[in-house]
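Single-structure report; data block below.
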Amino acid sequence: MMELRYDTFYIGGTWVRPATDRVITPVNASTEEPLGQVPEGSEADIDAAVAAARQAFDDPSGWASWEPARRAEVMDRLADAIDRRADGFVERVSAQNGMPVAVARQLEIGYPTAVLRYYAGLAREAVFDETRAGLFGGSIEVRRVPAGVVAAIVPWNFPQALSMFKIAPAMASGCTLVIKPSPETVLDAYLLAEAIEEAGVPAGVVNIVPAGREVGAYLVAHPDVDKVAFTGSTAAGRIIGETCGRLLRPVTLELGGKSAAIVLDDAELNLAEIGEGLFGSTLLNNGQTCFLGTRVLAPRSRYTEVVDAFTALAGSLTVGDAGDPATQIGPMATARQRDRVETYIAKGRGEGARLTLGGGRPAGLDRGWFVEPTIFADVDNSSVIAQEEIFGPVLSLIPYDDVDDAVRIANDSDFGLGGTVWTSNPERGAAVAHRVRTGTIGVNRYIPDPAAPFGGVKASGLGRELGPEGLAAYQQIQTVYR
Ligand code: NAD
């Protein structure tokens with residue numbers, strides 16, 4: 001990929017010089033080669049971006065006052081402008097964070113534009129104002145008004161999809177935004193800014209300032225921000241939640257996970273049939289996906305068979321340069337992330353778990369932050385590798401006695417974001433799914449659907465994105481007694 005250089009931010013519908021000369025230099029995760037350079041946002045740049053978003057929001061005849069259907073037209077145009085840049089998005093995301101291009105095409109292009117078009121549809125159809133009869137006479141108008149200026153903070157693992165989880169409902173409701181991408185994934189954010197400009201999104205509705213965590217914290221606490229939407233680690237989520245609590249500022253937090261993939265004793269473990277679904281729900285994006293079922297719960301009666309199936313599945317994956325269309329597992333996004341994964345693998349060995357696959361660095365890949373797909377069997381659910389989020393291609397296989405035991409183990413976690421149940425009896429699977437304390441769970445499949453609320457319970461977060469519920473998160477309610 002050609003080196004890309006940018007020297008401005010997209011603020012207020014135009015390209016603005018940064019306030020400082022600090023820069024971010026993204027690196028190719030597969031080759032460790034520099035990919036280019038962009039300015040690093042400072043507090044002064046955030047001030048400028050928030051001011052632009054504030055002005056656009058407060059304009060009495062501006063974006064927030066438009067008929068939702070008019071905003072929807074802009075959103076559809078933006079989806080088209082993104083589609084026209086599909087190859088660029090795939091190439092940039094994949095180079096920066098190591099996501100295999102085949103995954104990036106589906107989840108960083110097809111998925112975000114589907115979310116955008118879904119919310120454009122919702123803007124056209126949703127009821128924003130309703131009138132009720134009052135219990136004490138008169139009528140009551142209930143107005144769903146836009147929440148205001150949104151601070152959207154996104155991580156590097158699905159930079160476009162997770163940005164769009166925020167941009168689309170915010171635009172549909174009439175909010176304006178300041179987006180702070182993660183320093184690891186900035187080049188795709190510039191492509192998004194170009195699409196926003198080309199689509200004729202009114203000035204100041206979407207502003208983008210890549211920056212680090214201190215500047216992110218500054219944005220969260222900015223006095224002119226009305227709502228915060230964050231996706232990232234539980235550690236950062238707690239800090240952001242504290243700030244928003246102090247400010248009484250609405251906040252949506254999508255945080256980490258350690259979900260359970262429960263294999264029931266009647267599951268058909270035919271990898272030709274369910275291998276893709278198992279892969280997508282346990283190892284997708286090199287294990288750098290928040291909802292993955294990284295604790296695989298297997299019945300003792302079929303334990304060896306389940307261990308063999310997962311070992312065969314993970315062992316069959318093509319590991320390589322994320323830019324190669326044949327690659328199924330690419331590198332970790334950063335050297336720091338690989339260190340973290342390797343530290344957990346060492347902990348797993350130290351805790352006495354049995355390694356059936358991987359555990360090291362793949363042979364023949366001397367550059368890039370690669371880790372072998374790794375399977376630990378005989379894992380105790382109370383061990384560190386079963387309790388903490390690893391965020392790499394590492395699965396822990398845990399035996400259970402009966403369904404009650406499986407549910408107990410699944411719920412014995414600080415997290416509650418995703419999960420799956422694998423069974424030949426979907427009704428039985430759904431009954432087990434209903435007993436798991438988690439925000440989302442699938443029976444024999446898992447893919448967050450744009451029309452369905454997505455989010456976690458416990459340490460996995462607060463609030464929901466996607467679906468009509470995700471629109472409500474960008475609205476305030478005003479009641480008028482008439
Ligand atoms: P991170 O929390 O370190 O960073 C995420 C983003 O928040 C980055 O843009 C970062 O600059 C910013 N940030 C960090 N601390 C901040 C603070 N105090 N105030 C404001 N901004 C701050 O996480 P990461 O390493 O980039 O991403 C990996 C984590 O994200 C994993 O734990 C993963 O599970 C989680 N994640 C969750 C979801 C979800 O939907 N639940 C999705 C993807 C990733």
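Chain labels run A, B, ... following the order of the structure tokens; each chain numbers its residues from 1, and ligands are numbered from 1 in the order shown.
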Which residues form the shell of 6 Å around ligand 1 when you count only C-alpha atoms and all ligand atoms, given as a list in words?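 If we count only C-alpha atoms and all ligand atoms, the neighbours of ligand 1 turn out to be Ile153, Val154, Pro155, Trp156, Asn157, Pro181, Ser182, Gly212, Arg213, Gly216, Ala217, Thr231, Gly232, Ser233, Ala236, Ile239, Ile240, Glu254, Leu255, Gly256, Gly257, Thr289 and Cys290 of chain A.
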Can I get the selected residues back with N, CA and C atoms, as a compact mmCIF listing (two decimals), in the first residue's frame?
# COMPACT_ATOMS: atom_id res chain seq x y z
N ILE A 153 -16.30 7.64 20.75
CA ILE A 153 -14.92 7.16 20.90
C ILE A 153 -14.87 5.69 20.51
N VAL A 154 -14.03 5.40 19.53
CA VAL A 154 -14.04 4.05 18.96
C VAL A 154 -12.67 3.37 19.04
N PRO A 155 -12.68 2.03 19.11
CA PRO A 155 -11.43 1.28 19.18
C PRO A 155 -10.93 0.90 17.78
N TRP A 156 -9.85 0.16 17.75
CA TRP A 156 -9.19 -0.15 16.48
C TRP A 156 -9.66 -1.47 15.86
N ASN A 157 -10.42 -2.28 16.59
CA ASN A 157 -10.64 -3.65 16.07
C ASN A 157 -11.64 -3.71 14.92
N PRO A 181 -11.23 8.55 16.51
CA PRO A 181 -10.73 7.20 16.21
C PRO A 181 -9.52 6.88 17.07
N SER A 182 -9.24 5.61 17.17
CA SER A 182 -8.08 5.11 17.90
C SER A 182 -6.81 5.39 17.08
N GLY A 212 -5.13 10.31 21.02
CA GLY A 212 -4.91 9.30 22.05
C GLY A 212 -5.90 9.40 23.19
N ARG A 213 -5.61 8.62 24.27
CA ARG A 213 -6.62 8.50 25.31
C ARG A 213 -6.79 9.75 26.16
N GLY A 216 -8.94 11.90 24.34
CA GLY A 216 -10.27 11.27 24.39
C GLY A 216 -10.98 11.61 25.70
N ALA A 217 -10.23 11.56 26.79
CA ALA A 217 -10.82 11.88 28.10
C ALA A 217 -11.27 13.34 28.14
N THR A 231 -16.90 2.66 22.67
CA THR A 231 -16.62 1.24 22.54
C THR A 231 -15.14 1.04 22.81
N GLY A 232 -14.83 0.10 23.68
CA GLY A 232 -13.43 -0.16 23.99
C GLY A 232 -13.32 -1.05 25.21
N SER A 233 -12.23 -0.90 25.91
CA SER A 233 -11.96 -1.80 27.03
C SER A 233 -12.81 -1.47 28.25
N ALA A 236 -11.17 1.38 30.38
CA ALA A 236 -11.46 2.75 29.93
C ALA A 236 -12.93 3.08 30.14
N ILE A 239 -13.67 4.42 33.56
CA ILE A 239 -13.22 5.81 33.75
C ILE A 239 -14.22 6.76 33.08
N ILE A 240 -14.60 6.41 31.85
CA ILE A 240 -15.54 7.26 31.10
C ILE A 240 -16.90 7.30 31.81
N GLU A 254 -19.91 0.15 25.33
CA GLU A 254 -19.79 -1.21 24.77
C GLU A 254 -18.39 -1.69 25.11
N LEU A 255 -18.28 -2.64 26.03
CA LEU A 255 -16.96 -2.95 26.58
C LEU A 255 -16.53 -4.38 26.25
N GLY A 256 -15.72 -4.94 27.10
CA GLY A 256 -15.12 -6.24 26.78
C GLY A 256 -16.05 -7.42 27.00
N GLY A 257 -15.55 -8.60 26.71
CA GLY A 257 -16.36 -9.80 26.89
C GLY A 257 -15.51 -11.04 27.13
N THR A 289 -12.26 -9.55 18.67
CA THR A 289 -13.67 -9.19 18.54
C THR A 289 -14.31 -9.36 19.92
N CYS A 290 -15.07 -8.35 20.32
CA CYS A 290 -15.54 -8.32 21.71
C CYS A 290 -16.54 -9.42 22.05
Contact table region 283-308 of chain A vs region 394-418 of chain A, cut-off 6 Å, shortest pair per residue, only C-alpha atoms, as a Markdown table:
| residue | atom | partner | partner_atom | distance |
| --- | --- | --- | --- | --- |
| A:Phe291 | CA | A:Gly418 | CA | 4.6 |
| A:Thr294 | CA | A:Leu395 | CA | 4.9 |
| A:Arg295 | CA | A:Ser396 | CA | 5.0 |
| A:Val296 | CA | A:Leu397 | CA | 4.7 |
| A:Leu297 | CA | A:Ile398 | CA | 4.9 |
| A:Ala298 | CA | A:Pro399 | CA | 4.9 |
| A:Pro299 | CA | A:Tyr400 | CA | 5.0 |
| A:Arg300 | CA | A:Pro399 | CA | 5.5 |
Can I get the selected residues back with N, CA, C and O atoms, as a short mmCIF file (atom, residue, chain, number, x, y, z; two decimals), in the first residue's frame?
data_model
loop_
_atom_site.label_atom_id
_atom_site.label_comp_id
_atom_site.auth_asym_id
_atom_site.auth_seq_id
_atom_site.Cartn_x
_atom_site.Cartn_y
_atom_site.Cartn_z
N PHE A 291 -17.37 -9.85 21.07
CA PHE A 291 -18.48 -10.76 21.43
C PHE A 291 -18.12 -12.24 21.36
O PHE A 291 -18.96 -13.10 21.59
N THR A 294 -15.15 -17.21 23.71
CA THR A 294 -13.78 -17.71 23.88
C THR A 294 -13.67 -18.74 25.00
O THR A 294 -12.61 -19.32 25.20
N ARG A 295 -14.76 -18.92 25.74
CA ARG A 295 -14.83 -20.05 26.67
C ARG A 295 -15.76 -21.07 26.03
O ARG A 295 -16.96 -20.83 25.91
N VAL A 296 -15.21 -22.18 25.59
CA VAL A 296 -16.03 -23.22 24.96
C VAL A 296 -16.40 -24.23 26.04
O VAL A 296 -15.52 -24.86 26.63
N LEU A 297 -17.70 -24.36 26.32
CA LEU A 297 -18.15 -25.27 27.37
C LEU A 297 -18.61 -26.57 26.71
O LEU A 297 -19.51 -26.56 25.86
N ALA A 298 -17.98 -27.68 27.11
CA ALA A 298 -18.22 -28.96 26.44
C ALA A 298 -18.68 -30.01 27.45
O ALA A 298 -18.12 -30.10 28.54
N PRO A 299 -19.71 -30.81 27.08
CA PRO A 299 -20.20 -31.84 28.01
C PRO A 299 -19.12 -32.90 28.24
O PRO A 299 -18.44 -33.30 27.29
N ARG A 300 -18.98 -33.33 29.49
CA ARG A 300 -17.96 -34.35 29.78
C ARG A 300 -18.15 -35.59 28.93
O ARG A 300 -17.20 -36.24 28.51
#
Would you list, as a PyMOL selection string, the residues of region 25-230 of chain A that end up in helix (DSSP H, G or I) under DSSP run on this structure's backbone? chain A and resi 43-58+63-65+68-83+86-97+101-125+159-173+187-198+213-220
Skipping near chain neighbours, those fewer than 2 positions away, what residues fall within 8 Å of Pro26 (chain A) using only C-alpha atoms, listed as a ChimeraX atom specification? /A:24,28,34-37,96,183-187
Excluding same-chain residues fewer than 2 positions from region 360-372 of chain A, what lies within 8 Å of it counting only C-alpha atoms, as JSON, numbers by chain? {"A": [28, 29, 30, 31, 32, 319, 320, 330, 331, 332, 333, 334, 335, 338, 341, 342, 358, 374, 392, 393]}
Selection from above, N, CA, C and O atoms, as a PDB file, in the first residue's frame, can you write it?
ATOM      1  N   ASN A  28       1.754  -1.083   9.348  1.00  0.00           N
ATOM      2  CA  ASN A  28       1.144  -2.304   8.813  1.00  0.00           C
ATOM      3  C   ASN A  28       1.370  -3.456   9.808  1.00  0.00           C
ATOM      4  O   ASN A  28       2.514  -3.827  10.083  1.00  0.00           O
ATOM      5  N   ALA A  29       0.279  -4.017  10.317  1.00  0.00           N
ATOM      6  CA  ALA A  29       0.383  -5.058  11.345  1.00  0.00           C
ATOM      7  C   ALA A  29       0.990  -6.349  10.796  1.00  0.00           C
ATOM      8  O   ALA A  29       1.554  -7.140  11.549  1.00  0.00           O
ATOM      9  N   SER A  30       0.876  -6.564   9.481  1.00  0.00           N
ATOM     10  CA  SER A  30       1.407  -7.792   8.885  1.00  0.00           C
ATOM     11  C   SER A  30       2.875  -7.680   8.524  1.00  0.00           C
ATOM     12  O   SER A  30       3.570  -8.693   8.419  1.00  0.00           O
ATOM     13  N   THR A  31       3.351  -6.447   8.271  1.00  0.00           N
ATOM     14  CA  THR A  31       4.730  -6.289   7.797  1.00  0.00           C
ATOM     15  C   THR A  31       5.575  -5.373   8.678  1.00  0.00           C
ATOM     16  O   THR A  31       6.780  -5.265   8.471  1.00  0.00           O
ATOM     17  N   GLU A  32       4.946  -4.671   9.594  1.00  0.00           N
ATOM     18  CA  GLU A  32       5.605  -3.693  10.474  1.00  0.00           C
ATOM     19  C   GLU A  32       6.119  -2.479   9.706  1.00  0.00           C
ATOM     20  O   GLU A  32       6.909  -1.698  10.224  1.00  0.00           O
ATOM     21  N   VAL A 319      -3.105 -18.953   8.262  1.00  0.00           N
ATOM     22  CA  VAL A 319      -2.562 -17.790   8.968  1.00  0.00           C
ATOM     23  C   VAL A 319      -1.620 -17.070   8.021  1.00  0.00           C
ATOM     24  O   VAL A 319      -0.774 -17.716   7.388  1.00  0.00           O
ATOM     25  N   GLY A 320      -1.763 -15.753   7.909  1.00  0.00           N
ATOM     26  CA  GLY A 320      -0.847 -15.055   7.004  1.00  0.00           C
ATOM     27  C   GLY A 320      -1.119 -13.573   6.932  1.00  0.00           C
ATOM     28  O   GLY A 320      -1.879 -13.017   7.742  1.00  0.00           O
ATOM     29  N   GLY A 330      -5.041 -13.237  10.638  1.00  0.00           N
ATOM     30  CA  GLY A 330      -3.941 -12.312  10.413  1.00  0.00           C
ATOM     31  C   GLY A 330      -3.210 -12.048  11.722  1.00  0.00           C
ATOM     32  O   GLY A 330      -3.405 -12.756  12.708  1.00  0.00           O
ATOM     33  N   PRO A 331      -2.388 -11.008  11.726  1.00  0.00           N
ATOM     34  CA  PRO A 331      -1.613 -10.698  12.934  1.00  0.00           C
ATOM     35  C   PRO A 331      -2.451  -9.949  13.973  1.00  0.00           C
ATOM     36  O   PRO A 331      -3.540  -9.470  13.671  1.00  0.00           O
ATOM     37  N   MET A 332      -1.901  -9.821  15.177  1.00  0.00           N
ATOM     38  CA  MET A 332      -2.485  -8.935  16.173  1.00  0.00           C
ATOM     39  C   MET A 332      -2.279  -7.498  15.672  1.00  0.00           C
ATOM     40  O   MET A 332      -1.374  -7.221  14.885  1.00  0.00           O
ATOM     41  N   ALA A 333      -3.106  -6.574  16.162  1.00  0.00           N
ATOM     42  CA  ALA A 333      -3.085  -5.212  15.621  1.00  0.00           C
ATOM     43  C   ALA A 333      -1.801  -4.473  15.959  1.00  0.00           C
ATOM     44  O   ALA A 333      -1.351  -3.620  15.188  1.00  0.00           O
ATOM     45  N   THR A 334      -1.220  -4.770  17.122  1.00  0.00           N
ATOM     46  CA  THR A 334      -0.028  -4.028  17.555  1.00  0.00           C
ATOM     47  C   THR A 334       0.921  -4.986  18.278  1.00  0.00           C
ATOM     48  O   THR A 334       0.522  -6.066  18.721  1.00  0.00           O
ATOM     49  N   ALA A 335       2.151  -4.536  18.426  1.00  0.00           N
ATOM     50  CA  ALA A 335       3.126  -5.326  19.183  1.00  0.00           C
ATOM     51  C   ALA A 335       2.642  -5.474  20.629  1.00  0.00           C
ATOM     52  O   ALA A 335       2.767  -6.536  21.233  1.00  0.00           O
ATOM     53  N   ARG A 338       0.109  -8.174  20.831  1.00  0.00           N
ATOM     54  CA  ARG A 338       0.698  -9.518  20.771  1.00  0.00           C
ATOM     55  C   ARG A 338       1.346  -9.871  22.111  1.00  0.00           C
ATOM     56  O   ARG A 338       1.205 -11.002  22.584  1.00  0.00           O
ATOM     57  N   VAL A 341      -1.337 -11.022  24.435  1.00  0.00           N
ATOM     58  CA  VAL A 341      -1.832 -12.368  24.129  1.00  0.00           C
ATOM     59  C   VAL A 341      -0.802 -13.410  24.583  1.00  0.00           C
ATOM     60  O   VAL A 341      -1.133 -14.423  25.202  1.00  0.00           O
ATOM     61  N   GLU A 342       0.471 -13.132  24.312  1.00  0.00           N
ATOM     62  CA  GLU A 342       1.518 -14.093  24.690  1.00  0.00           C
ATOM     63  C   GLU A 342       1.635 -14.216  26.215  1.00  0.00           C
ATOM     64  O   GLU A 342       1.919 -15.303  26.729  1.00  0.00           O
ATOM     65  N   GLY A 358      -1.052 -24.811  18.967  1.00  0.00           N
ATOM     66  CA  GLY A 358      -0.486 -23.461  18.965  1.00  0.00           C
ATOM     67  C   GLY A 358       0.314 -23.153  20.212  1.00  0.00           C
ATOM     68  O   GLY A 358       1.035 -24.003  20.734  1.00  0.00           O
ATOM     69  N   THR A 374      -4.589 -20.856  19.077  1.00  0.00           N
ATOM     70  CA  THR A 374      -4.186 -21.614  20.261  1.00  0.00           C
ATOM     71  C   THR A 374      -5.406 -22.179  20.986  1.00  0.00           C
ATOM     72  O   THR A 374      -6.376 -21.450  21.220  1.00  0.00           O
ATOM     73  N   GLY A 392      -7.312 -12.303  21.433  1.00  0.00           N
ATOM     74  CA  GLY A 392      -6.426 -12.936  20.462  1.00  0.00           C
ATOM     75  C   GLY A 392      -7.020 -14.295  20.109  1.00  0.00           C
ATOM     76  O   GLY A 392      -8.057 -14.693  20.657  1.00  0.00           O
ATOM     77  N   PRO A 393      -6.364 -15.053  19.203  1.00  0.00           N
ATOM     78  CA  PRO A 393      -6.939 -16.325  18.743  1.00  0.00           C
ATOM     79  C   PRO A 393      -6.687 -17.463  19.731  1.00  0.00           C
ATOM     80  O   PRO A 393      -6.015 -18.443  19.407  1.00  0.00           O
TER      81      PRO A 393
END
With only C-alpha atoms as the basis for distance, which of A:Val50, A:Val142, A:Leu253, A:Val307 is at the shortest distance from Lys458 (chain A)? A:Leu253
By how many Å are CA of Leu177 (chain A) and CA of Gln288 (chain A) apart?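 Result for CA of Leu177 (chain A) versus CA of Gln288 (chain A): 26.1 Å, one decimal.
Shell of Gly138 (chain A) at 10 Å, with only C-alpha atoms counted and residues fewer than 6 places along the chain excluded, is Arg132, Tyr481 and Arg482 of chain A.
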Could those selected residues go to a file with all heavy atoms, as a short mmCIF file (atom, residue, chain, number, x, y, z; two decimals), in the first residue's frame?
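The file below, result-v3.cif, is the result:
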data_model
loop_
_atom_site.label_atom_id
_atom_site.label_comp_id
_atom_site.auth_asym_id
_atom_site.auth_seq_id
_atom_site.Cartn_x
_atom_site.Cartn_y
_atom_site.Cartn_z
N ARG A 132 -50.79 11.86 23.29
CA ARG A 132 -51.60 10.96 24.10
C ARG A 132 -52.68 11.76 24.83
O ARG A 132 -52.47 12.94 25.10
CB ARG A 132 -50.75 10.27 25.18
CG ARG A 132 -49.63 9.47 24.63
CD ARG A 132 -48.76 8.93 25.75
NE ARG A 132 -47.52 8.43 25.17
CZ ARG A 132 -46.43 8.14 25.85
NH1 ARG A 132 -46.43 8.29 27.17
NH2 ARG A 132 -45.36 7.70 25.25
N TYR A 481 -47.39 19.32 28.04
CA TYR A 481 -48.78 19.18 28.49
C TYR A 481 -49.59 20.25 27.78
O TYR A 481 -49.28 21.43 27.92
CB TYR A 481 -48.88 19.37 30.01
CG TYR A 481 -47.85 18.58 30.78
CD1 TYR A 481 -46.81 19.22 31.44
CD2 TYR A 481 -47.92 17.19 30.84
CE1 TYR A 481 -45.86 18.50 32.14
CE2 TYR A 481 -46.97 16.46 31.53
CZ TYR A 481 -45.94 17.11 32.18
OH TYR A 481 -45.00 16.41 32.87
N ARG A 482 -50.59 19.86 27.02
CA ARG A 482 -51.32 20.87 26.24
C ARG A 482 -52.80 20.82 26.55
O ARG A 482 -53.30 19.88 27.10
CB ARG A 482 -51.11 20.65 24.75
CG ARG A 482 -49.65 20.79 24.43
CD ARG A 482 -49.21 20.29 23.07
NE ARG A 482 -50.07 20.61 21.96
CZ ARG A 482 -49.62 20.74 20.70
NH1 ARG A 482 -48.34 20.63 20.45
NH2 ARG A 482 -50.44 20.95 19.73
#
Could you give me, as a tab-separated table (two decimals) with N, CA and C atoms, in the first residue's frame, the residues within 10 Å of Ile208 (chain A), counting only C-alpha atoms and dropping anything in the same chain fewer than 3 positions from it?
chain	number	residue	atom	x	y	z
A	9	PHE	N	-7.46	18.08	9.73
A	9	PHE	CA	-8.60	17.33	10.29
A	9	PHE	C	-9.86	17.75	9.55
A	10	TYR	N	-10.83	16.84	9.51
A	10	TYR	CA	-12.13	17.19	8.92
A	10	TYR	C	-13.03	17.73	10.03
A	11	ILE	N	-13.13	19.07	10.07
A	11	ILE	CA	-13.88	19.76	11.13
A	11	ILE	C	-14.76	20.82	10.48
A	12	GLY	N	-16.03	20.86	10.86
A	12	GLY	CA	-16.92	21.91	10.35
A	12	GLY	C	-17.07	21.87	8.83
A	41	GLY	N	-4.58	14.68	17.19
A	41	GLY	CA	-5.43	15.73	17.75
A	41	GLY	C	-4.99	16.14	19.15
A	45	ASP	N	-7.72	21.07	19.17
A	45	ASP	CA	-8.44	20.53	18.01
A	45	ASP	C	-9.81	20.01	18.42
A	46	ILE	N	-9.88	19.39	19.59
A	46	ILE	CA	-11.17	18.91	20.10
A	46	ILE	C	-12.09	20.10	20.35
A	49	ALA	N	-13.50	21.06	17.06
A	49	ALA	CA	-14.46	20.09	16.54
A	49	ALA	C	-15.78	20.16	17.31
A	152	ALA	N	-18.09	10.48	20.20
A	152	ALA	CA	-18.04	9.05	19.85
A	152	ALA	C	-16.58	8.59	19.87
A	177	LEU	N	-21.88	15.06	15.66
A	177	LEU	CA	-20.88	14.23	16.34
A	177	LEU	C	-19.45	14.75	16.21
A	178	VAL	N	-18.67	14.41	17.21
A	178	VAL	CA	-17.21	14.45	17.11
A	178	VAL	C	-16.74	13.01	17.31
A	179	ILE	N	-16.05	12.48	16.29
A	179	ILE	CA	-15.56	11.11	16.39
A	179	ILE	C	-14.07	11.14	16.69
A	180	LYS	N	-13.68	10.34	17.69
A	180	LYS	CA	-12.25	10.20	17.98
A	180	LYS	C	-11.83	8.77	17.69
A	181	PRO	N	-11.23	8.55	16.51
A	181	PRO	CA	-10.73	7.20	16.21
A	181	PRO	C	-9.52	6.88	17.07
A	186	VAL	N	-6.36	5.14	11.79
A	186	VAL	CA	-6.68	6.53	11.46
A	186	VAL	C	-6.90	6.73	9.96
A	189	ALA	N	-10.34	6.46	8.75
A	189	ALA	CA	-11.16	7.58	9.22
A	189	ALA	C	-11.09	8.74	8.22
A	190	TYR	N	-9.94	8.89	7.57
A	190	TYR	CA	-9.82	9.94	6.55
A	190	TYR	C	-10.67	9.63	5.31
A	192	LEU	N	-13.40	7.97	5.42
A	192	LEU	CA	-14.77	8.27	5.86
A	192	LEU	C	-15.04	9.77	5.75
A	193	ALA	N	-14.07	10.57	6.18
A	193	ALA	CA	-14.25	12.03	6.10
A	193	ALA	C	-14.44	12.46	4.65
A	204	GLY	N	-20.23	20.42	9.91
A	204	GLY	CA	-20.28	20.32	11.37
A	204	GLY	C	-21.09	19.15	11.90
A	211	ALA	N	-6.92	10.82	17.91
A	211	ALA	CA	-6.10	11.25	19.05
A	211	ALA	C	-5.97	10.09	20.03
Closest of A:Cys244, A:Val306, A:Ala314, A:Val101 to Gly280 (chain A) - atom-to-atom distances counting only C-alpha atoms: A:Ala314
Identify, on the basis of only C-alpha atoms, every residue whose closest approach to region 163-170 of chain A does not exceed 8 Å; exclude the query and any residue fewer than 3 positions from it along the same chain; express the result as number ranges by chain. A: 75, 112, 115-116, 119-120, 146, 150, 152-154, 159-160, 173-177, 179, 206, 229, 465-466, 470-471, 474
When distances are computed from only C-alpha atoms, which of A:Gly200, A:Gly98, A:Gly456, A:Gly467 shows the smallest separation from Thr234 (chain A)?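 Among the listed residues, the smallest separation from Thr234 (chain A) belongs to A:Gly456.
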Would you please work out which residue, of A:Pro210, A:Gly237, A:Pro373, A:Pro18, is nearest to Leu355 (chain A) when using only C-alpha atoms?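 The answer is A:Pro373, which sits nearest to Leu355 (chain A).
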